$ cat data-v4.txt   # compact mmCIF, C-alpha atoms and all ligand atoms
# COMPACT_ATOMS: atom_id res chain seq x y z
CA MET A 1 28.52 1.21 -18.11
CA ALA A 2 25.92 -1.18 -16.70
CA ARG A 3 22.60 0.50 -16.07
CA GLU A 4 21.49 0.81 -12.48
CA ARG A 5 18.62 -1.56 -11.66
CA ILE A 6 16.18 0.72 -9.90
CA ALA A 7 12.80 0.39 -8.18
CA ILE A 8 9.77 1.77 -10.02
CA ALA A 9 6.56 2.42 -8.07
CA ILE A 10 3.24 2.58 -9.90
CA ASP A 11 0.21 3.57 -7.85
CA GLY A 12 -3.31 4.55 -8.73
CA PRO A 13 -7.00 3.67 -8.43
CA GLY A 14 -8.59 0.44 -9.68
CA SER A 15 -8.55 -0.40 -13.39
CA ALA A 16 -6.31 2.53 -14.33
CA GLY A 17 -4.08 0.06 -16.18
CA LYS A 18 -1.36 -0.22 -13.52
CA GLY A 19 -0.86 -3.97 -13.90
CA THR A 20 -0.66 -3.95 -17.69
CA VAL A 21 1.68 -0.97 -17.71
CA ALA A 22 3.85 -2.37 -14.90
CA LYS A 23 4.18 -5.68 -16.73
CA GLY A 24 5.05 -3.91 -19.99
CA VAL A 25 7.71 -1.82 -18.29
CA ALA A 26 9.11 -4.85 -16.42
CA ARG A 27 9.32 -6.83 -19.65
CA ARG A 28 11.10 -4.07 -21.55
CA LEU A 29 13.65 -3.57 -18.76
CA GLY A 30 14.04 -7.22 -17.74
CA TYR A 31 12.81 -6.35 -14.24
CA GLN A 32 10.69 -8.26 -11.74
CA TYR A 33 7.03 -7.29 -11.49
CA VAL A 34 5.38 -7.40 -8.08
CA ASP A 35 1.59 -7.06 -7.93
CA THR A 36 0.84 -6.03 -4.34
CA GLY A 37 -2.93 -5.92 -4.99
CA ALA A 38 -2.72 -9.67 -5.63
CA MET A 39 -1.40 -10.13 -2.10
CA TYR A 40 -4.37 -8.31 -0.54
CA ARG A 41 -6.72 -10.23 -2.84
CA ALA A 42 -5.17 -13.50 -1.67
CA VAL A 43 -5.66 -12.55 1.98
CA ALA A 44 -9.36 -11.88 1.25
CA LEU A 45 -9.72 -15.15 -0.65
CA VAL A 46 -8.14 -17.27 2.07
CA ALA A 47 -10.12 -15.43 4.79
CA ASP A 48 -13.32 -16.22 2.91
CA ARG A 49 -12.42 -19.91 2.59
CA ARG A 50 -11.51 -20.18 6.28
CA GLY A 51 -14.58 -18.30 7.43
CA VAL A 52 -12.57 -15.40 8.89
CA SER A 53 -14.57 -12.17 9.09
CA LEU A 54 -13.21 -9.31 6.98
CA ASP A 55 -13.71 -7.07 10.01
CA ASP A 56 -11.57 -9.21 12.36
CA GLU A 57 -8.25 -7.39 12.19
CA ALA A 58 -6.37 -9.67 14.61
CA ALA A 59 -7.38 -12.87 12.82
CA LEU A 60 -6.70 -11.34 9.38
CA THR A 61 -3.28 -10.11 10.49
CA ALA A 62 -2.35 -13.57 11.77
CA LEU A 63 -3.61 -15.10 8.55
CA ALA A 64 -1.66 -12.63 6.35
CA SER A 65 1.55 -13.18 8.36
CA GLY A 66 1.33 -16.93 7.81
CA LEU A 67 0.93 -16.91 4.03
CA SER A 68 3.78 -17.45 1.57
CA PHE A 69 3.64 -15.75 -1.84
CA ARG A 70 5.38 -16.56 -5.07
CA PHE A 71 5.05 -14.90 -8.49
CA GLY A 72 6.06 -16.66 -11.71
CA TRP A 73 5.68 -15.97 -15.44
CA ASP A 74 3.78 -18.46 -17.55
CA GLY A 75 4.12 -16.97 -21.05
CA ASP A 76 2.39 -13.59 -20.75
CA VAL A 77 0.49 -14.50 -17.60
CA LEU A 78 1.91 -13.71 -14.21
CA ARG A 79 0.90 -16.60 -11.96
CA VAL A 80 0.35 -15.97 -8.26
CA PHE A 81 0.95 -18.81 -5.82
CA VAL A 82 -0.18 -18.66 -2.22
CA ASP A 83 1.20 -21.42 -0.05
CA GLU A 84 2.14 -22.97 -3.42
CA GLU A 85 -1.50 -23.05 -4.63
CA ASP A 86 -2.07 -21.30 -7.96
CA VAL A 87 -4.70 -18.63 -7.17
CA THR A 88 -4.20 -16.56 -10.35
CA SER A 89 -7.84 -16.79 -11.49
CA ALA A 90 -9.48 -17.15 -8.07
CA ILE A 91 -8.24 -13.71 -6.95
CA ARG A 92 -9.51 -11.85 -10.05
CA THR A 93 -13.21 -11.90 -9.16
CA GLU A 94 -15.16 -8.78 -8.14
CA ASP A 95 -15.67 -10.31 -4.69
CA ALA A 96 -11.94 -10.78 -4.18
CA GLY A 97 -11.38 -7.15 -5.26
CA GLN A 98 -13.93 -5.78 -2.82
CA GLY A 99 -12.66 -8.13 -0.12
CA ALA A 100 -9.08 -6.98 -0.77
CA SER A 101 -10.13 -3.37 -0.38
CA ARG A 102 -11.73 -4.20 2.97
CA VAL A 103 -8.86 -6.27 4.40
CA SER A 104 -6.32 -3.70 3.21
CA ALA A 105 -7.89 -1.01 5.42
CA HIS A 106 -6.57 -2.84 8.54
CA PRO A 107 -3.15 -1.52 9.61
CA GLY A 108 -2.23 -4.97 11.00
CA VAL A 109 -2.76 -6.62 7.62
CA ARG A 110 -0.75 -3.89 5.87
CA GLY A 111 2.08 -4.31 8.38
CA ALA A 112 2.10 -8.07 7.83
CA LEU A 113 2.59 -7.63 4.07
CA LEU A 114 4.93 -4.63 4.19
CA ASP A 115 8.19 -6.47 5.06
CA LEU A 116 7.51 -9.05 2.43
CA GLN A 117 6.89 -6.37 -0.20
CA ARG A 118 10.13 -4.61 0.73
CA GLN A 119 12.06 -7.88 0.58
CA LEU A 120 10.71 -8.51 -2.91
CA ALA A 121 12.14 -5.13 -3.98
CA ALA A 122 15.40 -5.35 -2.04
CA ALA A 123 17.53 -6.60 -4.92
CA GLY A 124 16.46 -3.69 -7.17
CA GLY A 125 15.29 -4.06 -10.76
CA VAL A 126 11.65 -4.15 -9.76
CA VAL A 127 8.36 -2.64 -10.89
CA MET A 128 5.84 -2.73 -8.05
CA ASP A 129 2.25 -1.60 -8.35
CA GLY A 130 -0.40 -0.87 -5.75
CA ARG A 131 -1.89 2.03 -3.81
CA ASP A 132 0.89 3.03 -1.37
CA ILE A 133 4.10 1.93 -3.07
CA GLY A 134 5.51 5.43 -3.62
CA THR A 135 4.23 6.77 -0.29
CA VAL A 136 4.89 3.90 2.16
CA VAL A 137 6.36 0.68 0.76
CA LEU A 138 9.21 2.11 -1.35
CA PRO A 139 9.47 5.81 -0.45
CA ASP A 140 12.97 5.88 -2.03
CA ALA A 141 11.86 4.42 -5.36
CA ARG A 142 13.74 6.31 -8.09
CA VAL A 143 10.70 6.53 -10.37
CA LYS A 144 7.20 7.01 -9.00
CA VAL A 145 4.14 7.13 -11.19
CA PHE A 146 0.56 7.79 -10.18
CA LEU A 147 -1.56 6.37 -12.97
CA ASP A 148 -5.07 7.74 -13.13
CA ALA A 149 -7.98 7.83 -15.60
CA ASP A 150 -11.57 9.05 -15.56
CA VAL A 151 -13.75 6.73 -13.53
CA SER A 152 -16.11 6.06 -16.44
CA GLU A 153 -13.19 5.08 -18.66
CA ARG A 154 -11.82 2.82 -15.93
CA ALA A 155 -15.24 1.21 -15.51
CA ARG A 156 -15.44 0.70 -19.29
CA ARG A 157 -12.05 -1.06 -19.28
CA ARG A 158 -13.03 -3.22 -16.31
CA HIS A 159 -16.40 -4.07 -17.88
CA ASP A 160 -14.70 -5.06 -21.17
CA GLU A 161 -12.33 -7.30 -19.25
CA LEU A 162 -15.18 -9.04 -17.41
CA VAL A 163 -17.15 -9.52 -20.63
CA ARG A 164 -14.03 -11.00 -22.28
CA ARG A 165 -13.89 -13.49 -19.41
CA GLY A 166 -17.50 -14.45 -20.08
CA GLU A 167 -18.99 -12.79 -16.99
CA VAL A 168 -22.43 -11.22 -17.31
CA VAL A 169 -22.40 -7.94 -15.44
CA ALA A 170 -24.10 -4.57 -15.93
CA PHE A 171 -21.91 -1.55 -16.66
CA HIS A 172 -23.51 0.55 -13.92
CA ASP A 173 -22.73 -2.17 -11.34
CA VAL A 174 -19.08 -2.18 -12.41
CA LEU A 175 -19.01 1.61 -12.18
CA SER A 176 -20.57 1.75 -8.72
CA ASP A 177 -18.27 -1.03 -7.42
CA LEU A 178 -15.24 0.88 -8.65
CA GLU A 179 -16.45 4.13 -7.10
CA GLN A 180 -17.09 2.40 -3.79
CA ARG A 181 -13.67 0.72 -3.80
CA ASP A 182 -11.85 3.94 -4.73
CA ALA A 183 -13.61 5.84 -1.95
CA ARG A 184 -12.68 3.18 0.61
CA ASP A 185 -9.03 3.10 -0.58
CA ARG A 186 -8.78 6.91 -0.57
CA ASP A 187 -10.54 7.61 2.71
CA ARG A 188 -8.93 5.00 4.94
CA ALA A 189 -6.53 6.13 7.68
CA ALA A 190 -3.79 3.56 6.96
CA ALA A 191 -1.72 4.26 3.83
CA PRO A 192 -4.56 5.81 1.81
CA LEU A 193 -4.46 5.98 -1.96
CA ARG A 194 -2.75 9.24 -2.90
CA PRO A 195 0.11 10.33 -5.14
CA ALA A 196 3.52 10.66 -3.45
CA ASP A 197 4.77 14.26 -3.46
CA ASP A 198 7.46 13.28 -5.97
CA ALA A 199 5.23 11.10 -8.17
CA VAL A 200 4.63 11.91 -11.83
CA ILE A 201 0.90 11.87 -12.47
CA ILE A 202 -0.12 10.27 -15.74
CA ASP A 203 -3.73 10.48 -16.86
CA SER A 204 -4.26 7.50 -19.15
CA THR A 205 -7.88 8.32 -20.12
CA ASP A 206 -6.94 9.06 -23.73
CA MET A 207 -3.70 7.13 -23.93
CA THR A 208 -2.92 3.63 -25.18
CA ILE A 209 -1.04 1.17 -22.96
CA ARG A 210 1.93 1.48 -25.31
CA GLN A 211 1.99 5.27 -24.85
CA VAL A 212 1.90 4.97 -21.07
CA VAL A 213 4.66 2.32 -21.06
CA ASP A 214 6.83 4.59 -23.26
CA ARG A 215 6.17 7.52 -20.93
CA VAL A 216 7.33 5.50 -17.90
CA LEU A 217 10.40 4.23 -19.79
CA ALA A 218 11.25 7.84 -20.66
CA LEU A 219 11.14 8.70 -16.94
CA VAL A 220 13.45 5.76 -16.24
CA SER A 221 16.00 6.88 -18.81
CA VAL A 222 16.05 10.40 -17.35
CA VAL A 223 16.75 8.95 -13.90
CA ASP A 224 19.49 6.76 -15.41
CA THR A 225 21.45 9.86 -16.35
CA VAL A 226 21.37 11.59 -12.96
CA PRO A 227 23.04 10.37 -9.76
CA ASP A 228 20.93 8.96 -6.92
CA THR A 229 20.53 11.57 -4.22
CA HIS A 230 18.79 9.29 -1.72
O1 LIG B 301 -4.95 -3.36 -7.55
P1 LIG B 301 -6.02 -4.31 -7.09
O2 LIG B 301 -7.38 -4.03 -7.65
O3 LIG B 301 -5.62 -5.74 -7.32
O4 LIG B 301 -6.09 -4.11 -5.48
C1 LIG B 301 -7.11 -4.70 -4.71
C2 LIG B 301 -7.29 -3.91 -3.41
O5 LIG B 301 -6.14 -4.10 -2.58
C3 LIG B 301 -7.45 -2.41 -3.58
O6 LIG B 301 -8.81 -2.05 -3.67
C4 LIG B 301 -6.80 -1.83 -2.33
C5 LIG B 301 -5.84 -2.90 -1.89
N1 LIG B 301 -4.45 -2.54 -2.09
C6 LIG B 301 -3.85 -1.74 -1.14
O7 LIG B 301 -4.50 -1.29 -0.20
N2 LIG B 301 -2.53 -1.44 -1.23
C7 LIG B 301 -1.79 -1.91 -2.25
N3 LIG B 301 -0.50 -1.61 -2.31
C8 LIG B 301 -2.40 -2.70 -3.26
C9 LIG B 301 -3.75 -3.00 -3.17
$ encode --input "data-v4.txt" --output "C-alpha cells"
Amino acid sequence: MARERIAIAIDGPGSAGKGTVAKGVARRLGYQYVDTGAMYRAVALVADRRGVSLDDEAALTALASGLSFRFGWDGDVLRVFVDEEDVTSAIRTEDAGQGASRVSAHPGVRGALLDLQRQLAAAGGVVMDGRDIGTVVLPDARVKVFLDADVSERARRRHDELVRRGEVVAFHDVLSDLEQRDARDRDRAAAPLRPADDAVIIDSTDMTIRQVVDRVLALVSVVDTVPDTH
C-alpha cells in the first residue's frame, strides 16, 4: 500500500536545529521542505532595501502580499528566490533575522504569508518549519514537533555557524541576540511561539541531528499505521 504523504510541522526557537532536521526528514521521505522563516526574512530584507520602516504594518503587509517565493534544491542547499532573485545568502545575516522577528509580529504581514504557506502544503508530503506551523498554519498536520534546546547550546551552534561563514562576532552578542529574538517571538500577540497542544517536544541539547531526524521519522511511521482522525 502506498504510504500517505502527510504534513509535518516543526516549530521551535531560533537555532534549535529546525531547518537542518526538517531538511533531513524531507530528504529521507522525499517530501518538500518549506522554510517559513525564510519568507519573513525576505520581507525584512526587501523592506530594508526599499526604505520601508519595520514598524509600518500597512506598508509591510502590502509589500509581503506582492512578493513571489520559490524554493529549489541546489545540491544540499535550499535556494530561496524572491521575485526570482536568489536571496539565499542575503537573508541569513543577523540583521535579516532580527528584522524578520520584528516584521513577523505584525498580524497583517502574517496574514499575507499564511495563504501562501498553506498552498505550499496543500498537496501533502511536506515538512514545514517555523514558529506557528503546528498552532496556526497547519493545525491538522499529522506530526507536530516542537524542537527546543538550551539557549546557551543554541547560541553555541549559531556562533559556530557564523564563524564557519567567516563572520567575526562575540559569543555573548550572539547569545543576547537570540534571547531578545526568542522573547519577541514568544511574547507577541499574533501567533506567538509556543508548542501546539498535540506537539511532541524534543529537547535537542544533547542530541545529534541524526538522532533528532530518526526521532521524527519514528513519529511519522507511528502515524502511518493509524487512520487519520481529522
Ligand atoms: O527561523 P528563522 O530564524 O529563519 O525565523 C526568523 C524570524 O521569523 C523569527 O525570529 C520569527 C519569524 N517567524 C515567524 O514569526 N513565524 C514563522 N512561522 C517563522 C519565522
$ residues_near_ligand --input "data-v4.txt" --ligand "ligand LIG 301 (chain B)" --cutoff "6 Å" --atoms "all atoms listed in the file" --output "mmCIF file with C-alpha atoms, in the coordinates of the input"
data_model
loop_
_atom_site.group_PDB
_atom_site.id
_atom_site.type_symbol
_atom_site.label_atom_id
_atom_site.label_comp_id
_atom_site.auth_asym_id
_atom_site.auth_seq_id
_atom_site.Cartn_x
_atom_site.Cartn_y
_atom_site.Cartn_z
ATOM 1 C CA GLY A 14 -8.590 0.440 -9.680
ATOM 2 C CA THR A 36 0.840 -6.030 -4.340
ATOM 3 C CA GLY A 37 -2.930 -5.920 -4.990
ATOM 4 C CA ALA A 38 -2.720 -9.670 -5.630
ATOM 5 C CA TYR A 40 -4.370 -8.310 -0.540
ATOM 6 C CA ARG A 41 -6.720 -10.230 -2.840
ATOM 7 C CA GLY A 97 -11.380 -7.150 -5.260
ATOM 8 C CA ALA A 100 -9.080 -6.980 -0.770
ATOM 9 C CA SER A 101 -10.130 -3.370 -0.380
ATOM 10 C CA SER A 104 -6.320 -3.700 3.210
ATOM 11 C CA GLY A 130 -0.400 -0.870 -5.750
ATOM 12 C CA ARG A 131 -1.890 2.030 -3.810
ATOM 13 C CA ASP A 132 0.890 3.030 -1.370
ATOM 14 C CA ILE A 133 4.100 1.930 -3.070
ATOM 15 C CA ARG A 181 -13.670 0.720 -3.800
ATOM 16 C CA ASP A 185 -9.030 3.100 -0.580
#
$ residues_around --input "data-v4.txt" --residues "segment 78-88 of chain A" --least-positions-apart "3" --cutoff "12 Å" --atoms "only C-alpha atoms" --output "JSON, numbers by chain"
{"A": [19, 20, 22, 23, 24, 26, 27, 32, 33, 34, 35, 36, 37, 38, 39, 40, 41, 42, 43, 44, 45, 46, 63, 64, 65, 66, 67, 68, 69, 70, 71, 72, 73, 74, 75, 91, 92, 93, 96]}
$ closest_residue --input "data-v4.txt" --among "A:Ile202, A:Asp48, A:Leu116, A:Arg184" --to "Ala90 of chain A" --atoms "all atoms listed in the file"
A:Asp48
$ atom_distance --input "data-v4.txt" --atom1 "atom CA of Arg158 of chain A" --atom2 "atom CA of Asp214 of chain A"
22.4 Å
$ residues_around --input "data-v4.txt" --residues "Leu29 of chain A" --least-positions-apart "3" --cutoff "12 Å" --atoms "all atoms listed in the file" --output "PDB file with C-alpha atoms, keeping the file's coordinate frame"
ATOM      1  CA  ARG A   3      22.600   0.500 -16.070  1.00  0.00           C
ATOM      2  CA  GLU A   4      21.490   0.810 -12.480  1.00  0.00           C
ATOM      3  CA  ARG A   5      18.620  -1.560 -11.660  1.00  0.00           C
ATOM      4  CA  ILE A   6      16.180   0.720  -9.900  1.00  0.00           C
ATOM      5  CA  ALA A   7      12.800   0.390  -8.180  1.00  0.00           C
ATOM      6  CA  ILE A   8       9.770   1.770 -10.020  1.00  0.00           C
ATOM      7  CA  ALA A  22       3.850  -2.370 -14.900  1.00  0.00           C
ATOM      8  CA  LYS A  23       4.180  -5.680 -16.730  1.00  0.00           C
ATOM      9  CA  GLY A  24       5.050  -3.910 -19.990  1.00  0.00           C
ATOM     10  CA  VAL A  25       7.710  -1.820 -18.290  1.00  0.00           C
ATOM     11  CA  ALA A  26       9.110  -4.850 -16.420  1.00  0.00           C
ATOM     12  CA  GLN A  32      10.690  -8.260 -11.740  1.00  0.00           C
ATOM     13  CA  TYR A  33       7.030  -7.290 -11.490  1.00  0.00           C
ATOM     14  CA  GLY A 124      16.460  -3.690  -7.170  1.00  0.00           C
ATOM     15  CA  GLY A 125      15.290  -4.060 -10.760  1.00  0.00           C
ATOM     16  CA  VAL A 126      11.650  -4.150  -9.760  1.00  0.00           C
ATOM     17  CA  VAL A 127       8.360  -2.640 -10.890  1.00  0.00           C
ATOM     18  CA  VAL A 213       4.660   2.320 -21.060  1.00  0.00           C
ATOM     19  CA  ASP A 214       6.830   4.590 -23.260  1.00  0.00           C
ATOM     20  CA  VAL A 216       7.330   5.500 -17.900  1.00  0.00           C
ATOM     21  CA  LEU A 217      10.400   4.230 -19.790  1.00  0.00           C
ATOM     22  CA  ALA A 218      11.250   7.840 -20.660  1.00  0.00           C
ATOM     23  CA  VAL A 220      13.450   5.760 -16.240  1.00  0.00           C
ATOM     24  CA  SER A 221      16.000   6.880 -18.810  1.00  0.00           C
TER      25      SER A 221
END
$ residues_around --input "data-v4.txt" --residues "Arg194 of chain A" --least-positions-apart "6" --cutoff "9 Å" --atoms "all atoms listed in the file" --output "ChimeraX atom specification"
/A:11-13,131-132,135,146,186
$ write_last_selection --input "data-v4.txt" --atoms "C-alpha atoms" --output "PDB file, in the frame of the given file"
ATOM      1  CA  ASP A  11       0.210   3.570  -7.850  1.00  0.00           C
ATOM      2  CA  GLY A  12      -3.310   4.550  -8.730  1.00  0.00           C
ATOM      3  CA  PRO A  13      -7.000   3.670  -8.430  1.00  0.00           C
ATOM      4  CA  ARG A 131      -1.890   2.030  -3.810  1.00  0.00           C
ATOM      5  CA  ASP A 132       0.890   3.030  -1.370  1.00  0.00           C
ATOM      6  CA  THR A 135       4.230   6.770  -0.290  1.00  0.00           C
ATOM      7  CA  PHE A 146       0.560   7.790 -10.180  1.00  0.00           C
ATOM      8  CA  ARG A 186      -8.780   6.910  -0.570  1.00  0.00           C
TER       9      ARG A 186
END
$ closest_residue --input "data-v4.txt" --among "A:Leu147, A:Gln117, A:Ala123, A:Glu94" --to "Ile209 of chain A" --atoms "all atoms listed in the file"
A:Leu147
$ atom_distance --input "data-v4.txt" --atom1 "atom CA of Pro139 of chain A" --atom2 "atom CA of Ala9 of chain A"
8.8 Å
$ atom_distance --input "data-v4.txt" --atom1 "atom CA of His106 of chain A" --atom2 "atom CA of Ala191 of chain A"
9.8 Å
$ closest_residue --input "data-v4.txt" --among "A:Arg49, A:Arg165, A:Gln211, A:Gly99" --to "Asp177 of chain A" --atoms "only C-alpha atoms"
A:Gly99
$ closest_residue --input "data-v4.txt" --among "A:Ala183, A:Val200, A:Ala149, A:Val136" --to "Arg110 of chain A" --atoms "all atoms listed in the file"
A:Val136
$ closest_residue --input "data-v4.txt" --among "A:Arg215, A:Arg102, A:Ala16, A:Asp140" --to "Asp187 of chain A" --atoms "only C-alpha atoms"
A:Arg102
$ closest_residue --input "data-v4.txt" --among "A:Ser15, A:Val143, A:Gln180, A:Leu113" --to "Ile201 of chain A" --atoms "only C-alpha atoms"
A:Val143
$ residues_around --input "data-v4.txt" --residues "Val174 of chain A" --least-positions-apart "4" --cutoff "8 Å" --atoms "all atoms listed in the file" --output "list in words"
Ala155, Arg158, His159, Val169, Ala170 and Leu178 of chain A
$ residues_around --input "data-v4.txt" --residues "Asp198 of chain A" --least-positions-apart "2" --cutoff "9 Å" --atoms "all atoms listed in the file" --output "PDB file with C-alpha atoms, in the frame of the given file"
ATOM      1  CA  GLY A 134       5.510   5.430  -3.620  1.00  0.00           C
ATOM      2  CA  VAL A 143      10.700   6.530 -10.370  1.00  0.00           C
ATOM      3  CA  LYS A 144       7.200   7.010  -9.000  1.00  0.00           C
ATOM      4  CA  VAL A 145       4.140   7.130 -11.190  1.00  0.00           C
ATOM      5  CA  PRO A 195       0.110  10.330  -5.140  1.00  0.00           C
ATOM      6  CA  ALA A 196       3.520  10.660  -3.450  1.00  0.00           C
ATOM      7  CA  VAL A 200       4.630  11.910 -11.830  1.00  0.00           C
TER       8      VAL A 200
END
$ decode --input "data-v4.txt" --residues "segment 2-17 of chain A" --atoms "N, CA, C and O atoms" --output "PDB file, in the first residue's frame"
ATOM      1  N   ALA A   2       0.525   2.221  -0.846  1.00  0.00           N
ATOM      2  CA  ALA A   2       1.312   3.456  -0.893  1.00  0.00           C
ATOM      3  C   ALA A   2       1.173   4.181   0.436  1.00  0.00           C
ATOM      4  O   ALA A   2       0.094   4.215   1.016  1.00  0.00           O
ATOM      5  N   ARG A   3       2.266   4.732   0.895  1.00  0.00           N
ATOM      6  CA  ARG A   3       2.232   5.480   2.157  1.00  0.00           C
ATOM      7  C   ARG A   3       1.565   6.823   1.928  1.00  0.00           C
ATOM      8  O   ARG A   3       1.775   7.460   0.899  1.00  0.00           O
ATOM      9  N   GLU A   4       0.811   7.232   2.944  1.00  0.00           N
ATOM     10  CA  GLU A   4       0.158   8.538   2.872  1.00  0.00           C
ATOM     11  C   GLU A   4       1.230   9.624   2.930  1.00  0.00           C
ATOM     12  O   GLU A   4       2.187   9.513   3.699  1.00  0.00           O
ATOM     13  N   ARG A   5       1.080  10.663   2.118  1.00  0.00           N
ATOM     14  CA  ARG A   5       2.056  11.764   2.152  1.00  0.00           C
ATOM     15  C   ARG A   5       1.488  12.870   3.042  1.00  0.00           C
ATOM     16  O   ARG A   5       0.600  13.609   2.644  1.00  0.00           O
ATOM     17  N   ILE A   6       2.000  12.930   4.243  1.00  0.00           N
ATOM     18  CA  ILE A   6       1.423  13.786   5.275  1.00  0.00           C
ATOM     19  C   ILE A   6       2.135  15.142   5.357  1.00  0.00           C
ATOM     20  O   ILE A   6       3.120  15.380   4.680  1.00  0.00           O
ATOM     21  N   ALA A   7       1.594  16.008   6.242  1.00  0.00           N
ATOM     22  CA  ALA A   7       2.271  17.266   6.564  1.00  0.00           C
ATOM     23  C   ALA A   7       2.943  17.105   7.929  1.00  0.00           C
ATOM     24  O   ALA A   7       2.354  16.557   8.864  1.00  0.00           O
ATOM     25  N   ILE A   8       4.163  17.581   8.016  1.00  0.00           N
ATOM     26  CA  ILE A   8       4.932  17.517   9.267  1.00  0.00           C
ATOM     27  C   ILE A   8       5.291  18.958   9.653  1.00  0.00           C
ATOM     28  O   ILE A   8       5.883  19.693   8.849  1.00  0.00           O
ATOM     29  N   ALA A   9       4.903  19.362  10.859  1.00  0.00           N
ATOM     30  CA  ALA A   9       5.175  20.723  11.333  1.00  0.00           C
ATOM     31  C   ALA A   9       6.316  20.674  12.342  1.00  0.00           C
ATOM     32  O   ALA A   9       6.281  19.877  13.279  1.00  0.00           O
ATOM     33  N   ILE A  10       7.303  21.517  12.142  1.00  0.00           N
ATOM     34  CA  ILE A  10       8.423  21.585  13.095  1.00  0.00           C
ATOM     35  C   ILE A  10       8.570  23.035  13.552  1.00  0.00           C
ATOM     36  O   ILE A  10       8.920  23.917  12.759  1.00  0.00           O
ATOM     37  N   ASP A  11       8.242  23.275  14.805  1.00  0.00           N
ATOM     38  CA  ASP A  11       8.360  24.616  15.369  1.00  0.00           C
ATOM     39  C   ASP A  11       9.421  24.639  16.463  1.00  0.00           C
ATOM     40  O   ASP A  11       9.821  23.592  16.978  1.00  0.00           O
ATOM     41  N   GLY A  12       9.807  25.850  16.829  1.00  0.00           N
ATOM     42  CA  GLY A  12      10.756  25.983  17.932  1.00  0.00           C
ATOM     43  C   GLY A  12      11.483  27.308  17.859  1.00  0.00           C
ATOM     44  O   GLY A  12      11.345  28.054  16.880  1.00  0.00           O
ATOM     45  N   PRO A  13      12.268  27.609  18.882  1.00  0.00           N
ATOM     46  CA  PRO A  13      13.005  28.878  18.918  1.00  0.00           C
ATOM     47  C   PRO A  13      14.175  28.879  17.937  1.00  0.00           C
ATOM     48  O   PRO A  13      14.474  27.850  17.315  1.00  0.00           O
ATOM     49  N   GLY A  14      14.837  30.008  17.807  1.00  0.00           N
ATOM     50  CA  GLY A  14      15.957  30.160  16.876  1.00  0.00           C
ATOM     51  C   GLY A  14      17.109  29.222  17.174  1.00  0.00           C
ATOM     52  O   GLY A  14      17.420  28.940  18.332  1.00  0.00           O
ATOM     53  N   SER A  15      17.737  28.733  16.106  1.00  0.00           N
ATOM     54  CA  SER A  15      18.937  27.894  16.202  1.00  0.00           C
ATOM     55  C   SER A  15      18.751  26.626  17.029  1.00  0.00           C
ATOM     56  O   SER A  15      19.699  26.136  17.635  1.00  0.00           O
ATOM     57  N   ALA A  16      17.532  26.098  17.041  1.00  0.00           N
ATOM     58  CA  ALA A  16      17.310  24.810  17.723  1.00  0.00           C
ATOM     59  C   ALA A  16      17.608  23.654  16.771  1.00  0.00           C
ATOM     60  O   ALA A  16      17.561  22.488  17.171  1.00  0.00           O
ATOM     61  N   GLY A  17      17.885  23.972  15.509  1.00  0.00           N
ATOM     62  CA  GLY A  17      18.192  22.925  14.528  1.00  0.00           C
ATOM     63  C   GLY A  17      17.005  22.565  13.645  1.00  0.00           C
ATOM     64  O   GLY A  17      17.058  21.568  12.918  1.00  0.00           O
TER      65      GLY A  17
END
